[in-house]
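Structure below is model-v4.cif: mmCIF, N, CA and C atoms.
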data_final
loop_
_atom_site.label_atom_id
_atom_site.label_comp_id
_atom_site.auth_asym_id
_atom_site.auth_seq_id
_atom_site.Cartn_x
_atom_site.Cartn_y
_atom_site.Cartn_z
N MET A 1189 25.64 -7.98 3.12
CA MET A 1189 24.44 -7.83 2.31
C MET A 1189 23.23 -8.48 3.00
N GLY A 1190 23.48 -9.64 3.62
CA GLY A 1190 22.39 -10.34 4.30
C GLY A 1190 21.85 -9.53 5.47
N ALA A 1191 22.76 -8.88 6.22
CA ALA A 1191 22.32 -8.06 7.35
C ALA A 1191 21.49 -6.88 6.87
N PHE A 1192 21.86 -6.31 5.74
CA PHE A 1192 21.11 -5.18 5.18
C PHE A 1192 19.69 -5.62 4.83
N ILE A 1193 19.57 -6.78 4.19
CA ILE A 1193 18.25 -7.28 3.80
C ILE A 1193 17.41 -7.58 5.04
N LEU A 1194 18.02 -8.18 6.06
CA LEU A 1194 17.27 -8.46 7.29
C LEU A 1194 16.81 -7.18 7.98
N ARG A 1195 17.68 -6.14 7.99
CA ARG A 1195 17.28 -4.86 8.58
C ARG A 1195 16.11 -4.26 7.81
N ARG A 1196 16.17 -4.33 6.47
CA ARG A 1196 15.09 -3.77 5.66
C ARG A 1196 13.78 -4.53 5.89
N LEU A 1197 13.86 -5.85 5.98
CA LEU A 1197 12.65 -6.64 6.26
C LEU A 1197 12.09 -6.33 7.63
N ALA A 1198 12.96 -6.22 8.63
CA ALA A 1198 12.50 -5.89 9.99
C ALA A 1198 11.84 -4.52 10.00
N PHE A 1199 12.46 -3.54 9.36
CA PHE A 1199 11.87 -2.21 9.30
C PHE A 1199 10.52 -2.25 8.57
N GLY A 1200 10.43 -3.05 7.51
CA GLY A 1200 9.17 -3.17 6.77
C GLY A 1200 8.07 -3.75 7.63
N PHE A 1201 8.40 -4.78 8.42
CA PHE A 1201 7.40 -5.37 9.30
C PHE A 1201 6.96 -4.40 10.38
N VAL A 1202 7.89 -3.66 10.94
CA VAL A 1202 7.54 -2.67 11.97
C VAL A 1202 6.67 -1.57 11.36
N ALA A 1203 7.04 -1.09 10.19
CA ALA A 1203 6.25 -0.04 9.53
C ALA A 1203 4.85 -0.55 9.20
N MET A 1204 4.75 -1.80 8.74
CA MET A 1204 3.44 -2.35 8.41
C MET A 1204 2.59 -2.51 9.68
N PHE A 1205 3.21 -2.96 10.77
CA PHE A 1205 2.49 -3.10 12.03
C PHE A 1205 1.97 -1.76 12.52
N VAL A 1206 2.80 -0.74 12.45
CA VAL A 1206 2.39 0.59 12.90
C VAL A 1206 1.25 1.12 12.03
N ALA A 1207 1.36 0.93 10.71
CA ALA A 1207 0.31 1.41 9.80
C ALA A 1207 -1.00 0.65 10.03
N LEU A 1208 -0.92 -0.67 10.18
CA LEU A 1208 -2.14 -1.44 10.42
C LEU A 1208 -2.78 -1.08 11.76
N SER A 1209 -1.96 -0.91 12.78
CA SER A 1209 -2.50 -0.53 14.09
C SER A 1209 -3.14 0.85 14.04
N GLY A 1210 -2.48 1.77 13.36
CA GLY A 1210 -3.06 3.11 13.22
C GLY A 1210 -4.39 3.09 12.49
N SER A 1211 -4.47 2.30 11.42
CA SER A 1211 -5.74 2.22 10.69
C SER A 1211 -6.81 1.54 11.54
N PHE A 1212 -6.42 0.55 12.35
CA PHE A 1212 -7.40 -0.08 13.24
C PHE A 1212 -7.97 0.94 14.21
N PHE A 1213 -7.10 1.69 14.88
CA PHE A 1213 -7.59 2.66 15.86
C PHE A 1213 -8.42 3.77 15.20
N PHE A 1214 -8.11 4.11 13.96
CA PHE A 1214 -8.88 5.11 13.25
C PHE A 1214 -10.29 4.60 12.96
N PHE A 1215 -10.39 3.36 12.45
CA PHE A 1215 -11.69 2.83 12.04
C PHE A 1215 -12.48 2.21 13.18
N ALA A 1216 -11.82 1.71 14.21
CA ALA A 1216 -12.51 1.02 15.30
C ALA A 1216 -13.48 1.93 16.03
N ALA A 1217 -13.15 3.18 16.15
CA ALA A 1217 -14.02 4.10 16.87
C ALA A 1217 -15.21 4.55 16.03
N LYS A 1218 -15.18 4.28 14.72
CA LYS A 1218 -16.22 4.82 13.85
C LYS A 1218 -17.26 3.80 13.41
N PHE A 1219 -16.93 2.52 13.44
CA PHE A 1219 -17.86 1.52 12.90
C PHE A 1219 -18.42 0.66 14.01
N LEU A 1220 -19.68 0.30 13.86
CA LEU A 1220 -20.46 -0.28 14.93
C LEU A 1220 -19.91 -1.54 15.58
N PRO A 1221 -19.58 -2.58 14.89
CA PRO A 1221 -19.21 -3.77 15.66
C PRO A 1221 -18.04 -3.53 16.60
N LEU A 1222 -17.12 -2.70 16.21
CA LEU A 1222 -15.95 -2.47 17.06
C LEU A 1222 -16.13 -1.30 18.01
N SER A 1223 -16.99 -0.37 17.67
CA SER A 1223 -17.15 0.81 18.53
C SER A 1223 -17.92 0.48 19.80
N GLU A 1224 -18.59 -0.66 19.84
CA GLU A 1224 -19.35 -1.04 21.04
C GLU A 1224 -18.47 -1.73 22.08
N GLU A 1225 -17.30 -2.22 21.68
CA GLU A 1225 -16.40 -2.89 22.60
C GLU A 1225 -15.37 -1.90 23.14
N PRO A 1226 -14.78 -2.23 24.29
CA PRO A 1226 -13.64 -1.40 24.74
C PRO A 1226 -12.52 -1.50 23.71
N LEU A 1227 -11.87 -0.39 23.45
CA LEU A 1227 -10.90 -0.31 22.36
C LEU A 1227 -9.74 -1.28 22.53
N LEU A 1228 -9.20 -1.39 23.75
CA LEU A 1228 -8.07 -2.29 23.98
C LEU A 1228 -8.47 -3.75 23.78
N HIS A 1229 -9.66 -4.11 24.21
CA HIS A 1229 -10.14 -5.48 24.05
C HIS A 1229 -10.34 -5.80 22.56
N ALA A 1230 -10.90 -4.89 21.81
CA ALA A 1230 -11.10 -5.11 20.37
C ALA A 1230 -9.76 -5.20 19.65
N TYR A 1231 -8.79 -4.38 20.06
CA TYR A 1231 -7.47 -4.40 19.44
C TYR A 1231 -6.76 -5.72 19.70
N CYS A 1232 -6.81 -6.21 20.93
CA CYS A 1232 -6.17 -7.50 21.24
C CYS A 1232 -6.81 -8.64 20.46
N GLY A 1233 -8.12 -8.63 20.35
CA GLY A 1233 -8.81 -9.65 19.56
C GLY A 1233 -8.43 -9.57 18.09
N TRP A 1234 -8.28 -8.36 17.60
CA TRP A 1234 -7.89 -8.16 16.20
C TRP A 1234 -6.46 -8.66 15.96
N LEU A 1235 -5.55 -8.36 16.89
CA LEU A 1235 -4.17 -8.83 16.76
C LEU A 1235 -4.08 -10.36 16.80
N ARG A 1236 -4.87 -10.99 17.68
CA ARG A 1236 -4.85 -12.45 17.75
C ARG A 1236 -5.37 -13.08 16.47
N GLY A 1237 -6.24 -12.42 15.77
CA GLY A 1237 -6.84 -12.99 14.57
C GLY A 1237 -6.05 -12.76 13.30
N ILE A 1238 -5.04 -11.89 13.31
CA ILE A 1238 -4.29 -11.59 12.09
C ILE A 1238 -3.61 -12.82 11.50
N PRO A 1239 -2.86 -13.63 12.27
CA PRO A 1239 -2.18 -14.77 11.65
C PRO A 1239 -3.13 -15.78 11.01
N SER A 1240 -4.32 -15.93 11.55
CA SER A 1240 -5.26 -16.92 11.01
C SER A 1240 -6.13 -16.35 9.90
N GLY A 1241 -6.08 -15.05 9.68
CA GLY A 1241 -6.93 -14.43 8.67
C GLY A 1241 -8.34 -14.17 9.16
N ARG A 1242 -8.57 -14.34 10.45
CA ARG A 1242 -9.92 -14.17 11.01
C ARG A 1242 -10.04 -12.90 11.85
N SER A 1243 -9.17 -11.95 11.62
CA SER A 1243 -9.16 -10.76 12.48
C SER A 1243 -10.40 -9.91 12.29
N LEU A 1244 -11.05 -10.02 11.17
CA LEU A 1244 -12.22 -9.18 10.93
C LEU A 1244 -13.49 -10.00 10.72
N ASP A 1245 -13.51 -11.28 11.14
CA ASP A 1245 -14.69 -12.11 10.95
C ASP A 1245 -15.92 -11.51 11.62
N THR A 1246 -15.75 -10.98 12.79
CA THR A 1246 -16.89 -10.38 13.48
C THR A 1246 -16.78 -8.87 13.50
N GLY A 1247 -15.85 -8.34 12.77
CA GLY A 1247 -15.61 -6.91 12.79
C GLY A 1247 -16.23 -6.21 11.60
N LEU A 1248 -15.43 -5.43 10.91
CA LEU A 1248 -15.92 -4.57 9.86
C LEU A 1248 -16.44 -5.34 8.65
N LEU A 1249 -15.78 -6.43 8.31
CA LEU A 1249 -16.16 -7.13 7.08
C LEU A 1249 -17.16 -8.25 7.31
N SER A 1250 -17.13 -8.88 8.44
CA SER A 1250 -18.02 -9.94 8.90
C SER A 1250 -18.28 -11.04 7.89
N GLY A 1251 -17.52 -11.12 6.84
CA GLY A 1251 -17.66 -12.22 5.90
C GLY A 1251 -16.34 -12.94 5.73
N GLY A 1252 -15.38 -12.61 6.50
CA GLY A 1252 -14.07 -13.22 6.40
C GLY A 1252 -13.13 -12.37 5.58
N LEU A 1253 -11.97 -12.16 6.12
CA LEU A 1253 -10.98 -11.31 5.45
C LEU A 1253 -10.50 -11.92 4.14
N LEU A 1254 -10.22 -13.22 4.16
CA LEU A 1254 -9.70 -13.85 2.96
C LEU A 1254 -10.72 -13.88 1.83
N ALA A 1255 -11.98 -14.06 2.14
CA ALA A 1255 -13.01 -14.06 1.10
C ALA A 1255 -13.13 -12.68 0.46
N THR A 1256 -13.05 -11.64 1.26
CA THR A 1256 -13.17 -10.29 0.74
C THR A 1256 -11.96 -9.92 -0.11
N VAL A 1257 -10.77 -10.20 0.40
CA VAL A 1257 -9.56 -9.87 -0.33
C VAL A 1257 -9.39 -10.79 -1.53
N GLY A 1258 -9.72 -12.05 -1.36
CA GLY A 1258 -9.54 -13.04 -2.42
C GLY A 1258 -10.37 -12.77 -3.65
N SER A 1259 -11.53 -12.17 -3.50
CA SER A 1259 -12.38 -11.91 -4.66
C SER A 1259 -11.77 -10.88 -5.61
N ALA A 1260 -10.94 -10.00 -5.10
CA ALA A 1260 -10.32 -8.97 -5.93
C ALA A 1260 -8.86 -9.30 -6.27
N PHE A 1261 -8.36 -10.42 -5.82
CA PHE A 1261 -6.94 -10.75 -5.98
C PHE A 1261 -6.55 -10.89 -7.45
N GLY A 1262 -7.35 -11.58 -8.24
CA GLY A 1262 -7.02 -11.78 -9.66
C GLY A 1262 -6.96 -10.47 -10.42
N ARG A 1263 -7.95 -9.63 -10.21
CA ARG A 1263 -7.96 -8.33 -10.89
C ARG A 1263 -6.77 -7.47 -10.46
N THR A 1264 -6.41 -7.55 -9.20
CA THR A 1264 -5.28 -6.79 -8.70
C THR A 1264 -3.98 -7.26 -9.34
N MET A 1265 -3.81 -8.57 -9.47
CA MET A 1265 -2.59 -9.10 -10.09
C MET A 1265 -2.49 -8.72 -11.57
N ILE A 1266 -3.62 -8.72 -12.28
CA ILE A 1266 -3.62 -8.28 -13.69
C ILE A 1266 -3.25 -6.81 -13.78
N LEU A 1267 -3.82 -6.00 -12.91
CA LEU A 1267 -3.50 -4.57 -12.90
C LEU A 1267 -2.02 -4.33 -12.61
N ILE A 1268 -1.46 -5.07 -11.66
CA ILE A 1268 -0.05 -4.92 -11.34
C ILE A 1268 0.82 -5.34 -12.52
N ALA A 1269 0.48 -6.44 -13.18
CA ALA A 1269 1.28 -6.91 -14.32
C ALA A 1269 1.24 -5.92 -15.48
N VAL A 1270 0.07 -5.41 -15.81
CA VAL A 1270 -0.05 -4.45 -16.90
C VAL A 1270 0.71 -3.16 -16.57
N THR A 1271 0.58 -2.71 -15.34
CA THR A 1271 1.29 -1.52 -14.91
C THR A 1271 2.80 -1.71 -14.99
N LEU A 1272 3.28 -2.87 -14.56
CA LEU A 1272 4.71 -3.14 -14.62
C LEU A 1272 5.23 -3.12 -16.05
N VAL A 1273 4.48 -3.71 -16.98
CA VAL A 1273 4.90 -3.71 -18.38
C VAL A 1273 4.95 -2.29 -18.93
N ILE A 1274 3.91 -1.51 -18.66
CA ILE A 1274 3.87 -0.14 -19.16
C ILE A 1274 5.01 0.68 -18.57
N VAL A 1275 5.26 0.54 -17.27
CA VAL A 1275 6.31 1.31 -16.62
C VAL A 1275 7.68 0.95 -17.19
N VAL A 1276 7.94 -0.33 -17.38
CA VAL A 1276 9.25 -0.75 -17.91
C VAL A 1276 9.43 -0.26 -19.34
N VAL A 1277 8.38 -0.38 -20.15
CA VAL A 1277 8.48 0.04 -21.55
C VAL A 1277 8.73 1.55 -21.65
N ILE A 1278 8.17 2.32 -20.75
CA ILE A 1278 8.36 3.77 -20.80
C ILE A 1278 9.61 4.20 -20.03
N ALA A 1279 9.86 3.62 -18.87
CA ALA A 1279 10.92 4.10 -17.98
C ALA A 1279 12.32 3.86 -18.52
N ILE A 1280 12.55 2.72 -19.13
CA ILE A 1280 13.91 2.43 -19.60
C ILE A 1280 14.34 3.40 -20.70
N PRO A 1281 13.54 3.62 -21.75
CA PRO A 1281 13.98 4.60 -22.75
C PRO A 1281 14.09 6.03 -22.20
N VAL A 1282 13.16 6.42 -21.34
CA VAL A 1282 13.21 7.78 -20.77
C VAL A 1282 14.45 7.92 -19.90
N GLY A 1283 14.76 6.91 -19.09
CA GLY A 1283 15.95 6.96 -18.25
C GLY A 1283 17.24 7.01 -19.05
N CYS A 1284 17.30 6.23 -20.13
CA CYS A 1284 18.50 6.24 -20.98
C CYS A 1284 18.67 7.59 -21.67
N LEU A 1285 17.57 8.13 -22.18
CA LEU A 1285 17.63 9.43 -22.84
C LEU A 1285 18.04 10.52 -21.86
N SER A 1286 17.48 10.49 -20.67
CA SER A 1286 17.80 11.48 -19.66
C SER A 1286 19.26 11.38 -19.23
N ALA A 1287 19.77 10.15 -19.11
CA ALA A 1287 21.17 9.96 -18.72
C ALA A 1287 22.12 10.41 -19.84
N ALA A 1288 21.72 10.19 -21.08
CA ALA A 1288 22.58 10.59 -22.20
C ALA A 1288 22.63 12.10 -22.36
N MET A 1289 21.57 12.78 -21.98
CA MET A 1289 21.50 14.24 -22.14
C MET A 1289 21.49 14.93 -20.78
N ARG A 1290 22.30 14.46 -19.87
CA ARG A 1290 22.34 14.94 -18.50
C ARG A 1290 22.63 16.44 -18.42
N GLY A 1291 21.79 17.12 -17.61
CA GLY A 1291 21.99 18.54 -17.38
C GLY A 1291 21.44 19.46 -18.45
N THR A 1292 20.80 18.91 -19.48
CA THR A 1292 20.25 19.74 -20.55
C THR A 1292 18.78 20.02 -20.28
N VAL A 1293 18.19 20.81 -21.15
CA VAL A 1293 16.77 21.11 -21.05
C VAL A 1293 15.94 19.84 -21.22
N VAL A 1294 16.40 18.94 -22.08
CA VAL A 1294 15.68 17.66 -22.28
C VAL A 1294 15.65 16.87 -20.98
N ASP A 1295 16.78 16.81 -20.29
CA ASP A 1295 16.85 16.08 -19.02
C ASP A 1295 15.88 16.67 -18.01
N TYR A 1296 15.89 17.98 -17.85
CA TYR A 1296 14.98 18.61 -16.90
C TYR A 1296 13.52 18.45 -17.32
N GLY A 1297 13.26 18.53 -18.61
CA GLY A 1297 11.89 18.33 -19.11
C GLY A 1297 11.40 16.92 -18.85
N LEU A 1298 12.25 15.93 -19.10
CA LEU A 1298 11.87 14.54 -18.83
C LEU A 1298 11.66 14.31 -17.34
N ARG A 1299 12.49 14.93 -16.53
CA ARG A 1299 12.34 14.78 -15.08
C ARG A 1299 11.01 15.36 -14.60
N VAL A 1300 10.69 16.56 -15.07
CA VAL A 1300 9.40 17.19 -14.69
C VAL A 1300 8.24 16.37 -15.22
N GLY A 1301 8.37 15.90 -16.46
CA GLY A 1301 7.31 15.08 -17.05
C GLY A 1301 7.06 13.79 -16.30
N THR A 1302 8.13 13.13 -15.85
CA THR A 1302 7.94 11.89 -15.11
C THR A 1302 7.36 12.15 -13.73
N TYR A 1303 7.72 13.26 -13.10
CA TYR A 1303 7.10 13.61 -11.81
C TYR A 1303 5.60 13.84 -11.98
N ILE A 1304 5.23 14.54 -13.03
CA ILE A 1304 3.80 14.79 -13.29
C ILE A 1304 3.08 13.49 -13.61
N ALA A 1305 3.70 12.66 -14.45
CA ALA A 1305 3.08 11.38 -14.82
C ALA A 1305 2.94 10.47 -13.60
N TRP A 1306 3.86 10.57 -12.68
CA TRP A 1306 3.81 9.76 -11.47
C TRP A 1306 2.69 10.23 -10.54
N ALA A 1307 2.42 11.51 -10.51
CA ALA A 1307 1.41 12.06 -9.61
C ALA A 1307 0.00 12.00 -10.18
N VAL A 1308 -0.14 12.16 -11.48
CA VAL A 1308 -1.48 12.26 -12.07
C VAL A 1308 -2.31 10.99 -11.92
N PRO A 1309 -1.80 9.78 -12.16
CA PRO A 1309 -2.66 8.60 -12.01
C PRO A 1309 -3.25 8.45 -10.62
N VAL A 1310 -2.51 8.79 -9.58
CA VAL A 1310 -3.04 8.72 -8.25
C VAL A 1310 -4.20 9.69 -8.08
N PHE A 1311 -4.05 10.88 -8.64
CA PHE A 1311 -5.12 11.87 -8.57
C PHE A 1311 -6.34 11.40 -9.35
N VAL A 1312 -6.11 10.84 -10.54
CA VAL A 1312 -7.23 10.38 -11.38
C VAL A 1312 -7.95 9.22 -10.71
N VAL A 1313 -7.23 8.29 -10.11
CA VAL A 1313 -7.85 7.17 -9.43
C VAL A 1313 -8.63 7.65 -8.22
N ALA A 1314 -8.11 8.66 -7.54
CA ALA A 1314 -8.78 9.17 -6.34
C ALA A 1314 -10.12 9.83 -6.65
N ILE A 1315 -10.27 10.45 -7.82
CA ILE A 1315 -11.54 11.12 -8.11
C ILE A 1315 -12.47 10.28 -8.96
N SER A 1316 -12.01 9.13 -9.46
CA SER A 1316 -12.90 8.32 -10.30
C SER A 1316 -13.97 7.65 -9.46
N PRO A 1317 -15.15 7.48 -10.03
CA PRO A 1317 -16.27 6.91 -9.24
C PRO A 1317 -16.11 5.45 -8.94
#

Give the structure from this file in structure tokens form.
Amino acid sequence: MGAFILRRLAFGFVAMFVALSGSFFFFAAKFLPLSEEPLLHAYCGWLRGIPSGRSLDTGLLSGGLLATVGSAFGRTMILIAVTLVIVVVIAIPVGCLSAAMRGTVVDYGLRVGTYIAWAVPVFVVAISP
């Protein structure tokens, strides 16, 4: 079990590194402070600054990464907590009902409904101002 958890953590770190590097290369060419430097030099400076939280002090945010992220941290935690409560309150009864009526029209209807409910909030958030 321990080896499984370590493999999952290692894969998570690799995936996060690839995603962060990809987003850096996407945005570095488009925004002024980083687009004026050679790309490899800017990337190495950005990588060196990640552990200290100063990777974007002179880059895109120029006010400090922790200050920018920290200002929204409380609201994000409240949103996560409220979402978790709503999901648990809805998901457990729906899952039990679907399991009890496996293979019926109710099961398929609940499955389609949960897929739609899962997709719609992302769409609504994406178009909201």

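The spacing separating CA of Ala1287 in chain A from atom C of Thr1302 in chain A amounts to 14.8 Å.
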
* Structure fact -> In Å and to one decimal, CA of Phe1201 in chain A is distant from CA of Val1276 in chain A by 27.7 Å

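Interatomic distance, atom N of Gly1301 in chain A to atom N of Pro1281 in chain A: 14.3 Å.
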